[in-house]
>>> print(open('coords_28.cif').read())   # mmCIF, C-alpha atoms
data_final
loop_
_atom_site.label_atom_id
_atom_site.label_comp_id
_atom_site.auth_asym_id
_atom_site.auth_seq_id
_atom_site.Cartn_x
_atom_site.Cartn_y
_atom_site.Cartn_z
CA MET A 11 0.00 0.00 0.00
CA THR A 12 1.06 3.54 -0.66
CA ILE A 13 -0.46 6.36 1.30
CA ASP A 14 -1.19 9.28 -0.96
CA ARG A 15 -3.58 11.15 1.32
CA VAL A 16 -3.90 11.67 5.05
CA ALA A 17 -5.97 13.86 7.33
CA ILE A 18 -4.71 15.46 10.52
CA ILE A 19 -7.38 16.13 13.10
CA GLY A 20 -6.00 18.82 15.34
CA GLY A 21 -3.88 19.86 12.39
CA THR A 22 -4.05 23.52 13.36
CA GLY A 23 -2.06 22.79 16.53
CA ASP A 24 1.71 22.88 16.77
CA GLU A 25 2.52 19.18 16.44
CA GLY A 26 -0.24 18.44 13.94
CA PHE A 27 0.61 21.35 11.68
CA GLY A 28 4.28 20.38 11.75
CA LEU A 29 3.45 16.83 10.67
CA ALA A 30 1.13 18.19 7.98
CA LEU A 31 4.00 20.31 6.62
CA ARG A 32 6.33 17.32 6.54
CA TRP A 33 3.84 15.05 4.81
CA ALA A 34 2.81 17.70 2.29
CA LYS A 35 6.49 18.23 1.52
CA ALA A 36 6.78 14.48 0.93
CA GLY A 37 4.04 14.68 -1.70
CA ILE A 38 1.18 13.33 0.40
CA GLU A 39 -2.16 15.10 -0.03
CA VAL A 40 -2.98 16.61 3.34
CA THR A 41 -6.31 17.61 4.86
CA ILE A 42 -6.29 19.67 8.02
CA GLY A 43 -9.26 19.01 10.25
CA SER A 44 -10.45 21.49 12.84
CA ARG A 45 -13.57 21.98 14.92
CA ASP A 46 -14.03 25.09 12.80
CA ALA A 47 -13.80 24.52 9.03
CA ALA A 48 -12.58 28.09 8.45
CA ARG A 49 -9.61 27.55 10.76
CA GLY A 50 -8.78 24.30 8.97
CA GLU A 51 -8.88 26.10 5.63
CA GLU A 52 -6.73 28.93 6.92
CA ALA A 53 -4.10 26.43 8.12
CA ALA A 54 -4.29 24.62 4.77
CA ARG A 55 -3.65 27.91 2.91
CA LYS A 56 -0.71 28.69 5.18
CA LEU A 57 0.68 25.20 4.56
CA SER A 58 0.28 25.59 0.79
CA VAL A 59 2.32 28.78 0.85
CA MET A 60 5.03 27.26 3.05
CA VAL A 61 5.45 23.99 1.17
CA GLY A 62 4.20 24.88 -2.29
CA ALA A 63 1.74 21.99 -2.31
CA SER A 64 -2.03 22.22 -2.19
CA ALA A 65 -3.78 21.18 1.03
CA HIS A 66 -7.37 21.08 2.19
CA GLY A 67 -9.20 22.31 5.25
CA ALA A 68 -12.25 20.59 6.68
CA THR A 69 -14.21 20.02 9.84
CA ASN A 70 -12.98 17.11 11.92
CA GLN A 71 -16.07 15.12 10.94
CA GLU A 72 -15.59 15.76 7.22
CA ALA A 73 -11.89 14.93 7.47
CA ALA A 74 -12.59 11.64 9.28
CA ALA A 75 -15.38 10.65 6.88
CA ALA A 76 -13.21 11.23 3.82
CA HIS A 77 -10.07 9.29 4.84
CA ASP A 78 -8.96 5.70 5.33
CA VAL A 79 -6.03 6.93 7.39
CA PHE A 80 -5.96 9.90 9.73
CA VAL A 81 -3.87 11.19 12.59
CA VAL A 82 -5.27 12.84 15.71
CA THR A 83 -3.02 15.36 17.50
CA VAL A 84 -5.13 17.19 20.03
CA PRO A 85 -4.64 18.31 23.63
CA PHE A 86 -5.79 15.67 26.10
CA ALA A 87 -8.36 18.09 27.55
CA GLY A 88 -10.32 17.86 24.30
CA GLN A 89 -9.46 14.33 23.20
CA ALA A 90 -12.56 12.45 24.35
CA THR A 91 -14.91 15.17 23.07
CA ILE A 92 -13.28 15.12 19.64
CA TYR A 93 -13.38 11.32 19.36
CA LYS A 94 -17.04 11.32 20.38
CA SER A 95 -17.76 13.97 17.76
CA ILE A 96 -16.17 11.95 14.93
CA ALA A 97 -17.13 8.41 16.01
CA ASP A 98 -20.23 8.30 13.80
CA HIS A 99 -18.30 9.61 10.78
CA VAL A 100 -15.26 7.32 10.82
CA ARG A 101 -14.94 4.77 8.01
CA GLU A 102 -15.48 1.16 9.02
CA ASP A 103 -11.91 0.07 8.20
CA ALA A 104 -10.19 3.31 9.10
CA ILE A 105 -6.72 3.39 10.61
CA VAL A 106 -6.63 6.11 13.25
CA ILE A 107 -3.28 7.19 14.65
CA ASP A 108 -3.50 8.90 18.00
CA GLY A 109 -0.68 11.10 19.27
CA THR A 110 -2.37 12.41 22.40
CA VAL A 111 -0.45 12.63 25.67
CA PRO A 112 -2.40 12.76 28.95
CA VAL A 113 -0.25 15.46 30.56
CA THR A 114 -1.66 16.87 33.76
CA SER A 115 -1.80 20.36 32.27
CA ALA A 116 -5.06 19.17 30.70
CA VAL A 117 -6.64 19.78 34.10
CA GLY A 118 -4.57 22.77 35.15
CA GLY A 119 -1.59 20.81 36.49
CA ARG A 120 1.94 20.25 35.26
CA ALA A 121 3.09 19.24 31.80
CA THR A 122 5.83 17.09 33.31
CA THR A 123 3.44 14.63 34.96
CA VAL A 124 0.66 12.50 33.51
CA LEU A 125 -2.88 11.64 34.44
CA GLY A 126 -4.04 8.08 34.94
CA VAL A 127 -6.42 7.23 32.13
CA TRP A 128 -9.11 4.69 32.92
CA GLN A 129 -8.37 2.61 29.80
CA GLY A 130 -4.64 2.75 30.53
CA SER A 131 -3.55 5.37 28.00
CA ALA A 132 -4.94 8.10 25.78
CA ALA A 133 -4.62 5.81 22.76
CA GLN A 134 -6.69 3.15 24.49
CA GLN A 135 -9.26 5.76 25.46
CA ALA A 136 -9.41 6.77 21.79
CA SER A 137 -9.93 3.15 20.80
CA SER A 138 -12.73 2.78 23.33
CA LEU A 139 -14.58 5.72 21.77
CA LEU A 140 -14.41 4.44 18.18
CA PRO A 141 -16.29 1.55 16.54
CA LYS A 142 -14.65 -1.85 17.08
CA SER A 143 -13.95 -2.23 13.36
CA VAL A 144 -11.54 0.72 13.42
CA THR A 145 -7.81 0.14 13.99
CA THR A 146 -6.40 2.58 16.55
CA MET A 147 -2.66 3.11 16.75
CA GLY A 148 -0.48 5.29 19.03
CA ALA A 149 2.45 7.23 17.52
CA PHE A 150 4.18 10.59 17.10
CA HIS A 151 4.25 11.41 20.83
CA THR A 152 7.91 12.20 21.26
CA LEU A 153 8.77 14.39 18.29
CA ALA A 154 9.74 17.92 19.28
CA ALA A 155 7.14 20.15 17.58
CA LYS A 156 9.71 22.90 17.04
CA ALA A 157 12.01 20.56 15.16
CA VAL A 158 9.14 19.12 13.12
CA HIS A 159 8.43 22.65 11.81
CA GLU A 160 11.96 23.19 10.56
CA LEU A 161 11.49 21.63 7.18
CA GLU A 162 15.10 21.97 6.10
CA THR A 163 16.42 20.10 9.16
CA PRO A 164 16.32 16.28 9.21
CA LEU A 165 14.52 15.06 12.33
CA GLU A 166 16.40 13.25 15.05
CA GLY A 167 14.82 10.55 17.16
CA ASP A 168 12.48 7.65 16.58
CA VAL A 169 8.72 7.28 16.38
CA LEU A 170 7.63 4.62 18.88
CA VAL A 171 4.55 2.99 17.39
CA CYS A 172 1.99 1.02 19.42
CA GLY A 173 -0.95 -0.94 18.11
CA SER A 174 -1.99 -3.93 16.05
CA LYS A 175 0.06 -5.57 13.31
CA LYS A 176 -2.57 -4.49 10.79
CA GLY A 177 -1.87 -0.81 11.38
CA LYS A 178 1.93 -0.91 11.64
CA PRO A 179 2.80 -0.92 7.90
CA VAL A 180 0.59 2.14 7.43
CA VAL A 181 2.20 4.05 10.29
CA ARG A 182 5.63 2.94 9.11
CA GLU A 183 4.93 4.46 5.71
CA LEU A 184 3.90 7.77 7.25
CA VAL A 185 6.98 7.77 9.47
CA GLU A 186 9.35 6.95 6.65
CA ALA A 187 7.81 9.59 4.40
CA ILE A 188 9.54 12.07 6.70
CA GLU A 189 13.25 12.38 6.02
CA SER A 190 15.54 10.63 8.50
CA LEU A 191 12.75 9.56 10.84
CA ARG A 192 12.79 5.95 12.03
CA PHE A 193 9.82 3.69 12.81
CA VAL A 194 10.24 1.58 15.96
CA ASP A 195 7.73 -1.16 16.69
CA ALA A 196 6.82 -0.51 20.33
CA GLY A 197 4.34 -3.37 20.61
CA ALA A 198 0.61 -3.55 21.22
CA LEU A 199 -1.64 -0.55 21.86
CA ASP A 200 -1.37 -0.96 25.64
CA GLN A 201 2.33 -0.12 25.46
CA ALA A 202 1.11 3.44 24.89
CA ARG A 203 0.90 3.45 28.71
CA ILE A 204 4.70 3.56 28.63
CA VAL A 205 5.24 5.61 25.48
CA GLU A 206 2.82 8.50 26.11
CA PRO A 207 4.39 9.56 29.45
CA LEU A 208 7.74 9.96 27.67
CA THR A 209 6.48 13.30 26.39
CA ALA A 210 6.10 14.54 29.97
CA LEU A 211 9.63 13.30 30.71
CA LEU A 212 10.97 15.10 27.63
CA ILE A 213 9.20 18.34 28.59
CA GLY A 214 11.05 18.23 31.92
CA ILE A 215 14.34 17.40 30.22
CA ASN A 216 13.81 20.30 27.78
CA ARG A 217 13.38 22.68 30.71
CA ARG A 218 16.45 21.45 32.58
CA TYR A 219 18.63 21.47 29.47
CA LYS A 220 17.21 24.77 28.18
CA THR A 221 16.21 23.38 24.83
CA ASP A 222 12.99 22.56 22.99
CA ARG A 223 14.01 19.57 20.97
CA ALA A 224 14.65 16.59 23.21
CA GLY A 225 13.50 13.34 21.61
CA VAL A 226 13.94 9.61 22.07
CA HIS A 227 16.13 7.24 20.09
CA ILE A 228 16.27 3.50 20.75
CA THR A 229 19.87 2.29 20.65
CA GLY A 230 21.11 -1.21 19.92
CA LEU A 231 18.62 -2.20 17.20
CA PRO A 232 19.93 -4.22 14.26
CA GLY A 233 20.14 -2.71 10.77
CA MET B 28 33.68 14.67 45.61
CA THR B 29 35.30 11.64 44.06
CA ILE B 30 33.75 8.24 44.53
CA ASP B 31 36.43 5.68 45.23
CA ARG B 32 34.20 2.95 46.63
CA VAL B 33 30.69 1.72 45.97
CA ALA B 34 28.59 -1.27 47.03
CA ILE B 35 26.14 -3.08 44.79
CA ILE B 36 23.30 -4.76 46.60
CA GLY B 37 22.03 -7.44 44.31
CA GLY B 38 25.51 -7.44 42.80
CA THR B 39 25.36 -11.17 42.08
CA GLY B 40 22.55 -10.60 39.54
CA ASP B 41 23.07 -9.88 35.87
CA GLU B 42 22.72 -6.10 35.83
CA GLY B 43 24.41 -5.55 39.20
CA PHE B 44 27.40 -7.74 38.40
CA GLY B 45 27.83 -6.02 35.04
CA LEU B 46 27.89 -2.60 36.71
CA ALA B 47 30.33 -3.94 39.33
CA LEU B 48 32.64 -5.09 36.53
CA ARG B 49 32.51 -1.69 34.84
CA TRP B 50 33.19 0.24 38.04
CA ALA B 51 35.98 -2.08 39.15
CA LYS B 52 37.53 -1.63 35.71
CA ALA B 53 37.33 2.14 36.24
CA GLY B 54 39.35 1.80 39.45
CA ILE B 55 36.48 2.08 41.92
CA GLU B 56 36.63 -0.28 44.91
CA VAL B 57 33.59 -2.51 44.62
CA THR B 58 31.72 -4.48 47.28
CA ILE B 59 29.16 -7.00 46.15
CA GLY B 60 26.32 -7.43 48.58
CA SER B 61 24.16 -10.54 48.67
CA ARG B 62 21.66 -12.09 51.07
CA ASP B 63 24.30 -14.78 51.45
CA ALA B 64 27.83 -13.52 52.24
CA ALA B 65 29.42 -16.56 50.57
CA ARG B 66 27.66 -15.79 47.28
CA GLY B 67 28.82 -12.17 47.49
CA GLU B 68 32.38 -13.32 48.06
CA GLU B 69 32.21 -15.78 45.19
CA ALA B 70 31.02 -13.03 42.84
CA ALA B 71 33.77 -10.73 44.12
CA ARG B 72 36.40 -13.40 43.36
CA LYS B 73 34.98 -13.91 39.88
CA LEU B 74 35.07 -10.15 39.32
CA SER B 75 38.68 -9.93 40.52
CA VAL B 76 39.71 -12.56 38.00
CA MET B 77 37.80 -10.88 35.16
CA VAL B 78 38.96 -7.32 35.77
CA GLY B 79 42.23 -7.83 37.64
CA ALA B 80 41.10 -5.59 40.49
CA SER B 81 40.30 -6.67 44.01
CA ALA B 82 36.67 -6.64 45.13
CA HIS B 83 34.84 -7.55 48.31
CA GLY B 84 31.85 -9.70 49.13
CA ALA B 85 29.48 -8.97 52.01
CA THR B 86 25.96 -9.43 53.24
CA ASN B 87 23.56 -6.73 52.07
CA GLN B 88 23.46 -5.34 55.61
CA GLU B 89 27.25 -5.17 55.91
CA ALA B 90 27.55 -3.61 52.46
CA ALA B 91 24.96 -0.94 53.29
CA ALA B 92 26.48 -0.18 56.67
CA ALA B 93 29.96 0.30 55.22
CA HIS B 94 29.16 2.66 52.33
CA ASP B 95 28.10 6.27 51.78
CA VAL B 96 26.98 5.37 48.29
CA PHE B 97 25.42 2.12 47.16
CA VAL B 98 23.37 0.83 44.26
CA VAL B 99 20.49 -1.61 44.56
CA THR B 100 19.79 -3.85 41.56
CA VAL B 101 17.36 -6.52 42.65
CA PRO B 102 14.27 -8.14 41.14
CA PHE B 103 11.10 -6.29 42.11
CA ALA B 104 9.75 -9.45 43.80
CA GLY B 105 12.44 -9.08 46.48
CA GLN B 106 12.86 -5.31 46.55
CA ALA B 107 10.74 -4.40 49.56
CA THR B 108 12.11 -7.30 51.63
CA ILE B 109 15.68 -6.28 50.90
CA TYR B 110 15.10 -2.61 51.73
CA LYS B 111 13.40 -3.60 54.99
CA SER B 112 16.37 -5.82 55.82
CA ILE B 113 18.92 -3.03 55.31
CA ALA B 114 16.93 -0.06 56.62
CA ASP B 115 18.41 -0.23 60.13
CA HIS B 116 21.96 -0.53 58.75
CA VAL B 117 21.99 2.33 56.24
CA ARG B 118 24.18 5.34 57.05
CA GLU B 119 22.30 8.50 57.95
CA ASP B 120 23.55 10.50 54.94
CA ALA B 121 23.74 7.60 52.51
CA ILE B 122 22.97 8.02 48.83
CA VAL B 123 21.08 4.98 47.63
CA ILE B 124 20.63 4.44 43.92
CA ASP B 125 17.77 2.14 43.03
CA GLY B 126 17.60 0.43 39.66
CA THR B 127 14.56 -1.76 40.30
CA VAL B 128 11.88 -2.13 37.65
CA PRO B 129 8.39 -3.26 38.71
CA VAL B 130 7.87 -5.67 35.81
CA THR B 131 4.84 -7.89 36.14
CA SER B 132 7.02 -11.01 36.00
CA ALA B 133 7.63 -10.31 39.71
CA VAL B 134 4.20 -11.85 40.31
CA GLY B 135 4.28 -14.45 37.58
CA GLY B 136 3.14 -12.15 34.74
CA ARG B 137 4.89 -10.61 31.76
CA ALA B 138 8.19 -8.77 31.65
CA THR B 139 6.78 -6.36 29.06
CA THR B 140 4.19 -4.83 31.39
CA VAL B 141 4.57 -3.16 34.77
CA LEU B 142 2.79 -3.28 38.09
CA GLY B 143 1.29 -0.23 39.70
CA VAL B 144 3.34 0.57 42.80
CA TRP B 145 1.50 2.27 45.63
CA GLN B 146 4.16 4.97 46.04
CA GLY B 147 4.21 5.53 42.27
CA SER B 148 7.43 3.74 41.36
CA ALA B 149 9.89 1.19 42.71
CA ALA B 150 12.33 4.00 43.53
CA GLN B 151 9.68 5.78 45.57
CA GLN B 152 8.83 2.53 47.35
CA ALA B 153 12.53 2.19 48.17
CA SER B 154 12.57 5.72 49.53
CA SER B 155 9.52 5.00 51.70
CA LEU B 156 11.31 2.05 53.31
CA LEU B 157 14.48 3.98 54.22
CA PRO B 158 15.05 6.61 56.91
CA LYS B 159 14.10 10.15 55.83
CA SER B 160 17.72 11.32 56.10
CA VAL B 161 18.76 9.01 53.25
CA THR B 162 18.81 10.29 49.66
CA THR B 163 17.18 7.81 47.29
CA MET B 164 17.83 8.10 43.56
CA GLY B 165 16.59 6.09 40.57
CA ALA B 166 19.00 5.17 37.76
CA PHE B 167 20.49 2.39 35.59
CA HIS B 168 17.13 0.96 34.51
CA THR B 169 17.60 0.95 30.77
CA LEU B 170 21.10 -0.43 30.26
CA ALA B 171 21.13 -3.79 28.50
CA ALA B 172 22.75 -6.20 30.97
CA LYS B 173 24.38 -8.17 28.16
CA ALA B 174 26.11 -5.08 26.82
CA VAL B 175 27.18 -3.98 30.29
CA HIS B 176 29.07 -7.27 30.66
CA GLU B 177 31.08 -6.79 27.46
CA LEU B 178 33.86 -4.78 29.00
CA GLU B 179 35.68 -4.12 25.74
CA THR B 180 32.60 -2.60 24.09
CA PRO B 181 31.68 1.03 24.84
CA LEU B 182 28.07 1.25 26.05
CA GLU B 183 25.43 2.93 23.95
CA GLY B 184 22.50 4.80 25.42
CA ASP B 185 21.95 7.15 28.32
CA VAL B 186 21.33 6.70 32.02
CA LEU B 187 18.15 8.56 32.94
CA VAL B 188 18.61 9.72 36.53
CA CYS B 189 15.73 10.67 38.84
CA GLY B 190 15.98 12.13 42.32
CA SER B 191 17.08 15.12 44.33
CA LYS B 192 19.72 17.64 43.32
CA LYS B 193 21.87 16.47 46.21
CA GLY B 194 22.26 13.00 44.77
CA LYS B 195 22.73 13.91 41.11
CA PRO B 196 26.46 14.77 41.14
CA VAL B 197 27.16 11.42 42.81
CA VAL B 198 25.17 9.44 40.26
CA ARG B 199 26.71 11.49 37.46
CA GLU B 200 30.17 10.48 38.67
CA LEU B 201 29.23 6.80 38.71
CA VAL B 202 27.70 7.08 35.23
CA GLU B 203 30.68 8.92 33.78
CA ALA B 204 33.11 6.43 35.31
CA ILE B 205 31.81 4.02 32.68
CA GLU B 206 33.25 4.68 29.25
CA SER B 207 30.94 6.42 26.78
CA LEU B 208 27.93 6.40 29.07
CA ARG B 209 25.99 9.67 29.39
CA PHE B 210 24.17 11.03 32.44
CA VAL B 211 20.76 12.58 31.68
CA ASP B 212 18.97 14.52 34.40
CA ALA B 213 15.47 13.04 34.28
CA GLY B 214 14.09 15.17 37.12
CA ALA B 215 12.73 14.42 40.56
CA LEU B 216 12.33 10.93 42.02
CA ASP B 217 8.70 10.70 40.96
CA GLN B 218 9.77 10.76 37.29
CA ALA B 219 10.87 7.17 37.97
CA ARG B 220 7.19 6.43 37.27
CA ILE B 221 8.01 7.19 33.64
CA VAL B 222 11.60 5.91 33.50
CA GLU B 223 11.16 2.48 35.14
CA PRO B 224 8.52 1.22 32.70
CA LEU B 225 10.95 1.91 29.83
CA THR B 226 12.67 -1.35 30.73
CA ALA B 227 9.46 -3.26 30.03
CA LEU B 228 9.15 -1.42 26.71
CA LEU B 229 12.76 -2.30 25.84
CA ILE B 230 12.22 -5.98 26.72
CA GLY B 231 9.37 -6.05 24.20
CA ILE B 232 11.46 -4.22 21.60
CA ASN B 233 14.33 -6.67 22.16
CA ARG B 234 11.98 -9.58 21.45
CA ARG B 235 10.51 -8.05 18.31
CA TYR B 236 13.91 -7.03 16.93
CA LYS B 237 15.62 -10.29 18.03
CA THR B 238 18.31 -8.56 20.02
CA ASP B 239 19.24 -8.15 23.67
CA ARG B 240 20.72 -4.69 23.69
CA ALA B 241 18.04 -2.10 23.10
CA GLY B 242 18.63 1.02 25.13
CA VAL B 243 17.44 4.62 25.29
CA HIS B 244 19.22 7.74 24.07
CA ILE B 245 17.79 11.23 24.43
CA THR B 246 18.31 13.20 21.24
CA GLY B 247 18.49 16.97 20.85
CA LEU B 248 20.37 17.84 24.05
CA PRO B 249 22.99 20.59 23.86
CA GLY B 250 26.68 19.79 24.22
#
>>> encode(input="coords_28.cif", output="structure tokens")
Amino acid sequence: MTIDRVAIIGGTGDEGFGLALRWAKAGIEVTIGSRDAARGEEAARKLSVMVGASAHGATNQEAAAAHDVFVVTVPFAGQATIYKSIADHVREDAIVIDGTVPVTSAVGGRATTVLGVWQGSAAQQASSLLPKSVTTMGAFHTLAAKAVHELETPLEGDVLVCGSKKGKPVVRELVEAIESLRFVDAGALDQARIVEPLTALLIGINRRYKTDRAGVHITGLPG
Amino acid sequence: MTIDRVAIIGGTGDEGFGLALRWAKAGIEVTIGSRDAARGEEAARKLSVMVGASAHGATNQEAAAAHDVFVVTVPFAGQATIYKSIADHVREDAIVIDGTVPVTSAVGGRATTVLGVWQGSAAQQASSLLPKSVTTMGAFHTLAAKAVHELETPLEGDVLVCGSKKGKPVVRELVEAIESLRFVDAGALDQARIVEPLTALLIGINRRYKTDRAGVHITGLPG
């Protein structure tokens, strides 16, 4: 399979817009979903100017309904609401890639600590809010948004991908469409319990090291 | 401060013995603590032969009582028992570095998942079982034991160190005594909630990638 189109729900946010830029640059047709269609379209226009490729804006529901593969990058405070709002619009066989991190700032606390999520992780919560036929994956948690935006700079670090075997080749393709980024198979969806909190750890490391681009690389892998 | 001696409680195990080898090689006087003094002494003799440096064996209580700085690398199933057994012997100002990981295999489950620990992490449980005057740190969770044993091979990956500012320079010195290993300040002790589970993630990654040396490196740090 070759992915030629992808939607990013929450694509007006920092991380989502950065990924949209990277994928558009790689020649993938990008749709930016937003609660407000006008904001999605505005982000799509901005992206077109920056990358020189056309992009589309849409409501989250429209974006979900129109894609076999979409990525969700939203703050945890709004995650459940957004999944509930798209659940009836998602395609039966869709592959949904969640990048949400349950940082405590969602409820007014710190960004360096995480909330306990009833299902175990934000990705599992996402899965619980979508039809059973949908494949939910967890990925793109640990990329520094600032670095993702710098299109001329190859990205450091790996993408730790959690979820079923069915979804992994699709996520791998999206990862590898971005120059120098490596796909790492992090296991089943429940391993998102371990992967998601890494973002909180990296936020703390960024503060202590006065940077904004800490990421994670797995050493010792063959190849 | 310069650390010229360190004890390793659980130093007869894979990870602990590997660290003992590395530190002995770096010229640090090593004591291997065990529940059974004879086993500690046997490991110390083996180490002496392998590294050509003298080492000592002791009971865990003796090792704790005789050191300002010691490392605890024990299976989670025995962690609380061991801390309770040394609590009355630990020096008032001791710096104790815990490397325990609460993998579910401690209670007959998987090594790729972790148990919830009441205090939040194994390191925090350790802290709760020691006198308040003691400084408890968390470190050395994500080093592949196999690689640690290969003394001629520089280690890849970082040591993510959690705990108070008081303990960090000490742990940094122990980390940097091992060739090519990097100290990363991972924040306060409660960040061990995020760091410890990484071992379970790495065990799963090792299985999927048919290796035994996956580790973690933080990208994007200055210097």
>>> closest_residue(input="coords_28.cif", among="A:Ile19, A:Ala36, A:Ala87, A:Leu211", to="His66 (chain A)", atoms="only C-alpha atoms")
A:Ile19
>>> closest_atom_pairs(input="coords_28.cif", of="chain A", to="chain B", cutoff="9 Å", atoms="all atoms listed in the file", output="Markdown table")
| residue | atom | partner | partner_atom | distance |
| --- | --- | --- | --- | --- |
| A:Thr122 | CA | B:Gln218 | CA | 8.5 |
| A:Thr123 | CA | B:Gln218 | CA | 7.8 |
| A:Ala154 | CA | B:Gly247 | CA | 8.9 |
| A:Glu166 | CA | B:Thr246 | CA | 6.5 |
| A:Gly167 | CA | B:Thr246 | CA | 6.0 |
| A:Val194 | CA | B:Ile232 | CA | 8.2 |
| A:Asp195 | CA | B:Ile232 | CA | 6.9 |
| A:Ala196 | CA | B:Ile232 | CA | 6.1 |
| A:Gly197 | CA | B:Gly231 | CA | 6.7 |
| A:Asp200 | CA | B:Thr140 | CA | 8.9 |
| A:Gln201 | CA | B:Leu228 | CA | 7.1 |
| A:Arg203 | CA | B:Pro224 | CA | 8.9 |
| A:Ile204 | CA | B:Pro224 | CA | 6.1 |
| A:Val205 | CA | B:Leu225 | CA | 8.1 |
| A:Pro207 | CA | B:Ile221 | CA | 6.0 |
| A:Leu208 | CA | B:Ile221 | CA | 6.6 |
| A:Ala210 | CA | B:Ile221 | CA | 8.4 |
| A:Leu211 | CA | B:Ala213 | CA | 6.8 |
| A:Leu212 | CA | B:Ala213 | CA | 8.3 |
| A:Gly214 | CA | B:Gly214 | CA | 6.8 |
| A:Ile215 | CA | B:Ala213 | CA | 6.1 |
| A:Asn216 | CA | B:Leu248 | CA | 7.9 |
| A:Arg218 | CA | B:Asp212 | CA | 7.6 |
| A:Tyr219 | CA | B:Leu248 | CA | 6.8 |
| A:Lys220 | CA | B:Pro249 | CA | 8.3 |
| A:Thr221 | CA | B:Leu248 | CA | 7.0 |
| A:Asp222 | CA | B:Gly247 | CA | 8.1 |
| A:Arg223 | CA | B:Gly247 | CA | 5.2 |
| A:Ala224 | CA | B:Gly247 | CA | 4.5 |
| A:Gly225 | CA | B:Thr246 | CA | 4.8 |
| A:Val226 | CA | B:Ile245 | CA | 4.8 |
| A:His227 | CA | B:His244 | CA | 5.1 |
| A:Ile228 | CA | B:Val243 | CA | 4.8 |
| A:Thr229 | CA | B:Gly242 | CA | 4.8 |
| A:Gly230 | CA | B:Ala241 | CA | 4.5 |
| A:Leu231 | CA | B:Ala241 | CA | 5.9 |
| A:Pro232 | CA | B:Tyr236 | CA | 7.2 |
>>> resolve_selection(input="coords_28.cif", expression="the PyMOL selection byres ((chain A and resi 68) around 7)", output="PyMOL selection string")
chain A and resi 41-44+47+50-51+66-67+69-70+72-73
>>> atom_distance(input="coords_28.cif", atom1="CA of Val101 (chain B)", atom2="CA of Ala204 (chain B)")
21.7 Å
>>> atom_distance(input="coords_28.cif", atom1="CA of Thr169 (chain B)", atom2="CA of Arg66 (chain B)")
25.6 Å
>>> resolve_selection(input="coords_28.cif", expression="the PyMOL selection byres ((chain B and resi 33) around 12)", output="ChimeraX atom specification")
/B:29-32,34-36,38,43,46-51,53-60,82-84,90-99,121-124,197-198,200-201,204
>>> atom_distance(input="coords_28.cif", atom1="CA of Ser137 (chain A)", atom2="CA of Ala97 (chain A)")
10.1 Å
>>> residues_around(input="coords_28.cif", residues="Leu216 (chain B)", least_positions_apart="5", cutoff="7 Å", atoms="all atoms listed in the file", output="list of chain:residue names")
B:Gln151, B:Met164, B:Gly165, B:Cys189, B:Gly190, B:Ser191
>>> closest_residue(input="coords_28.cif", among="B:Leu74, B:Ile113, B:Leu208, B:Ala138", to="Val175 (chain B)", atoms="all atoms listed in the file")
B:Leu208
>>> residues_around(input="coords_28.cif", residues="Ala149 (chain B)", least_positions_apart="2", cutoff="10 Å", atoms="only C-alpha atoms", output="PyMOL selection string")
chain B and resi 103+106-107+125-130+142-147+151-155+165+217+219-220+223
>>> resolve_selection(input="coords_28.cif", expression="the PyMOL selection byres ((chain B and resi 158) around 10)", output="JSON, numbers by chain")
{"B": [114, 115, 117, 118, 119, 120, 121, 154, 155, 156, 157, 159, 160, 161, 162, 163]}
>>> write_last_selection(input="coords_28.cif", atoms="C-alpha atoms", output="PDB file, in the frame of the given file")
ATOM      1  CA  ALA B 114      16.930  -0.060  56.620  1.00  0.00           C
ATOM      2  CA  ASP B 115      18.410  -0.230  60.130  1.00  0.00           C
ATOM      3  CA  VAL B 117      21.990   2.330  56.240  1.00  0.00           C
ATOM      4  CA  ARG B 118      24.180   5.340  57.050  1.00  0.00           C
ATOM      5  CA  GLU B 119      22.300   8.500  57.950  1.00  0.00           C
ATOM      6  CA  ASP B 120      23.550  10.500  54.940  1.00  0.00           C
ATOM      7  CA  ALA B 121      23.740   7.600  52.510  1.00  0.00           C
ATOM      8  CA  SER B 154      12.570   5.720  49.530  1.00  0.00           C
ATOM      9  CA  SER B 155       9.520   5.000  51.700  1.00  0.00           C
ATOM     10  CA  LEU B 156      11.310   2.050  53.310  1.00  0.00           C
ATOM     11  CA  LEU B 157      14.480   3.980  54.220  1.00  0.00           C
ATOM     12  CA  LYS B 159      14.100  10.150  55.830  1.00  0.00           C
ATOM     13  CA  SER B 160      17.720  11.320  56.100  1.00  0.00           C
ATOM     14  CA  VAL B 161      18.760   9.010  53.250  1.00  0.00           C
ATOM     15  CA  THR B 162      18.810  10.290  49.660  1.00  0.00           C
ATOM     16  CA  THR B 163      17.180   7.810  47.290  1.00  0.00           C
TER      17      THR B 163
END
